[in-house]
Amino acid sequence: MQVLFIVNEAAGNGKGKRVWLQLQQQLTITYQVAFTEYEGHGKEIAKQWAQQQQEHMLLVVVGGDGTIHEVVSGVVHNKYVIIGVVRAGSGNDFARFFPSFQHARQIEAYVRTTMANTQMDAGIIQLGDKWNEIFVNNAGIGFDAYVTKSINTSRLKFYLNKIGLGKLSYAVAVMRGLFRFERFDVTIRSGEQEWQFQQAWFVAMSNQPYFGGGMKISPAAKADDGLVDITIVHGISRIKLLLVFITVFFEKHTKFKEITFLQGQHFDMSVRAHQVDCHTDGNYVGVVNQGIPIHCTVQQNAWQVIAKDA
Ligand SMILES: Nc1ncnc2c1ncn2[C@@H]1O[C@H](COP(=O)(O)OP(=O)(O)OP(=O)(O)O)[C@@H](O)[C@H]1O
C-alpha cells in the first residue's frame with residue numbers, strides 16, 4: 001500500500017513543520033513525502049501522484065484547510081486516492097467535520113488494516129469563464145472573502161501566531177473589516193425560484209457546517225448529501241453583524257431574520273456591486289464584478305476520505 005505525505009511546513013505559521021518532525025520520528029511504515037513550496041504546489045503534487053495510481057493509496061495532508069483544498073483539487077474523481085489529514089493549520093475547519101488522524105500510530109494501524117473510506121461531495125463554484133474551483137469546506141463571496149484577503153495580505157496572522165493567539169486572527173480581521181467593507185445586492189436563482197437580497201454582507205456556500213476556524217455557519221450542511229447549503233447575511237447593521245458572529249459560535253444565528261438559509265443542487269447568482277471578493281476554503285480566488293454569472297453546484301462521490309472509525 002502506497003502512502004504519500006504532502007506537507008506544508010508553512011501551514012499554521014510553522015506548525016506544519018513541527019507536526020511533520022514529530023510524525024517522522026514516530027513512523028515505522030514505508031512512505032514517501034513531498035513538501036509544498038508555493039501556492040498551488042499541493043494540487044500539482046497530488047495530481048501527478050493520482051494519475052499514476054492503479055490501486056488504493058493513502059495521501060496524508062499535513063497542513064491546514066488551504067493545503068487540503070489544493071490537494072483535493074488535484075485528486076477529484078480519482079477512485080484510488082484516499083485522503084487523510086493531520087491537522088497543522090490555523091483554522092482547521094476540515095478536521096472539525098471530516099475524520100482526521102491524531103497521531104502516527106493511528107496512520108499505521110489504518111494502513112495495516114482495512115483502509116476503510118467514505119465517498120464525499122465536492123462543491124463547485126464557477127465565476128464567469130475565468131474560474132472553476134472546487135470547495136471541500138466552503139466558498140464565499142463578500143465579507144468572508146474580504147477578510148481572507150486582508151488576513152493574507154497583512155502580517156497580523158503571523159504576529160498573533162507568534163504569541164500563541166493565532167486563533168484570534170480571524171476575529172481581529174473581522175473587526176477591522178466591519179468598518180471598511182461595502183455591502184452589495186445579490187440575486188440568487190435555483191430552478192424556478194428567485195431571491196433578491198439587499199445590502200448583503202456575504203453569501204457562504206457550504207459543503208460542511210464549519211467556517212472561519214470553528215464557526216458553524218451552515219449547521220445543516222452535510223458533505224455526503226448531494227446538496228450545497230447557502231447562508232446569506234443581508235440587511236444588517238455593522239454592530240448587529242458583530243452580534244451575529246458571536247452567536248454563530250453557539251449556533252444561535254439561525255434565529256436572525258436577516259440570515260437566510262437555502263439548500264439545493266444548483267444555484268445561479270449575480271451581484272450588483274463594483275467588485276466583490278471570492279474565496280474557496282479560505283484561499284483567496286479573486287474579484288467578481290457586476291454582471292459576471294456565478295454558478296454554484298455540487299458533485300457527489302467526488303473524492304474519498306478515511307472512514308470515521310478508521
Ligand atoms: N512552502 C510554502 N510556503 C508558503 N506558503 C505555502 C507553502 N506551501 C504552500 N503554501 C500556501 O500556504 C497556504 C496556507 O496554508 P494552509 O491553509 O494549509 O495553512 P493555514 O492558513 O495556516 O491554515 P488554515 O487554512 O486551516 O487556517 C496554502 O494556501 C498554500 O498555497
# chains A, B, ... in the order shown; residues from 1 in each chain; ligands from 1
$ residues_near_ligand --ligand "ligand 1" --cutoff "6 Å" --atoms "only C-alpha atoms and all ligand atoms" --output "list in words"
Asn8, Ala10, Ala11, Gly12, Asn13, Thr36, Glu37, Tyr38, Glu39, Gly40, Gly63, Gly64, Asp65, Gly66, Thr67, Gly89, Ser90, Gly91, Asn92, Gly282 and Asn283 of chain A
$ select_by_dssp --residues "segment 68-276 of chain A" --states "strand (DSSP E or B)" --output "JSON, numbers by chain"
{"A": [81, 82, 83, 84, 85, 86, 87, 101, 117, 118, 119, 120, 121, 122, 123, 124, 125, 126, 127, 131, 132, 133, 134, 135, 138, 139, 140, 141, 142, 184, 185, 186, 187, 188, 189, 190, 193, 194, 195, 196, 197, 198, 199, 200, 201, 202, 203, 204, 205, 206, 210, 211, 215, 216, 228, 229, 230, 231, 232, 233, 234, 259, 260, 261, 262, 263, 264, 266, 267, 268, 269, 270, 271, 272, 275, 276]}
$ residues_around --residues "segment 197-208 of chain A" --least-positions-apart "6" --cutoff "7 Å" --atoms "only C-alpha atoms" --output "list of chain:residue names"
A:Phe97, A:Gly123, A:Val136, A:Asn137, A:Asn138, A:Ala139, A:Gly140, A:Ile141, A:Gly142, A:Phe143, A:Asp144, A:Arg183, A:Phe184, A:Asp185, A:Val186, A:Thr187, A:Ser218, A:Ala221, A:Lys222, A:Ala223, A:Val228, A:Asp229, A:Ile230, A:Thr231, A:Ile232, A:Val233, A:His234, A:Gly235
$ write_last_selection --atoms "C-alpha atoms" --output "short mmCIF file (atom, residue, chain, number, x, y, z; two decimals), in the first residue's frame"
data_model
loop_
_atom_site.label_atom_id
_atom_site.label_comp_id
_atom_site.auth_asym_id
_atom_site.auth_seq_id
_atom_site.Cartn_x
_atom_site.Cartn_y
_atom_site.Cartn_z
CA PHE A 97 -16.21 17.80 10.34
CA GLY A 123 -18.73 21.85 -4.06
CA VAL A 136 -14.20 20.97 0.34
CA ASN A 137 -15.42 23.10 3.27
CA ASN A 138 -16.95 26.23 1.78
CA ALA A 139 -16.72 29.01 -0.77
CA GLY A 140 -17.80 32.56 -0.15
CA ILE A 141 -18.41 35.85 -1.84
CA GLY A 142 -18.38 39.09 0.13
CA PHE A 143 -17.23 39.82 3.64
CA ASP A 144 -15.65 36.44 4.45
CA ARG A 183 -22.21 45.74 1.25
CA PHE A 184 -23.74 44.57 -2.05
CA ASP A 185 -27.06 43.47 -3.57
CA VAL A 186 -27.30 39.93 -4.86
CA THR A 187 -29.83 37.89 -6.84
CA SER A 218 -24.35 26.38 7.93
CA ALA A 221 -24.62 21.18 5.74
CA LYS A 222 -23.51 17.58 5.17
CA ALA A 223 -20.69 16.65 2.81
CA VAL A 228 -24.93 22.71 -1.24
CA ASP A 229 -26.04 24.88 1.70
CA ILE A 230 -26.14 28.63 1.17
CA THR A 231 -26.13 31.12 4.02
CA ILE A 232 -26.84 34.77 3.14
CA VAL A 233 -26.34 37.51 5.72
CA HIS A 234 -28.12 40.65 4.50
CA GLY A 235 -29.71 43.96 5.53
#
$ atom_distance --atom1 "atom CA of Ile292 of chain A" --atom2 "atom CA of Asp225 of chain A"
28.4 Å
$ atom_distance --atom1 "atom CA of Val244 of chain A" --atom2 "atom CA of Thr148 of chain A"
18.2 Å
$ residues_around --residues "Glu194 of chain A" --least-positions-apart "4" --cutoff "10 Å" --atoms "only C-alpha atoms" --output "VMD selection string"
chain A and resid 187 to 190 267 to 269
$ write_last_selection --atoms "C-alpha atoms" --output "PDB file, in the first residue's frame"
ATOM      1  CA  THR A 187     -29.830  37.888  -6.843  1.00  0.00           C
ATOM      2  CA  ILE A 188     -29.890  34.105  -6.358  1.00  0.00           C
ATOM      3  CA  ARG A 189     -31.809  31.665  -8.568  1.00  0.00           C
ATOM      4  CA  SER A 190     -32.410  27.952  -8.284  1.00  0.00           C
ATOM      5  CA  PHE A 267     -27.617  27.979  -7.732  1.00  0.00           C
ATOM      6  CA  ASP A 268     -27.009  30.905 -10.088  1.00  0.00           C
ATOM      7  CA  MET A 269     -26.083  34.256  -8.653  1.00  0.00           C
TER       8      MET A 269
END
$ closest_residue --among "A:Lys47, A:Met215, A:Glu251, A:Asn132" --to "Tyr170 of chain A" --atoms "only C-alpha atoms"
A:Met215
$ select_by_dssp --residues "segment 3-213 of chain A" --states "helix (DSSP H, G or I)" --output "PyMOL selection string"
chain A and resi 11-26+41-52+65-75+93-97+104-112+143-153+156-162+166-178
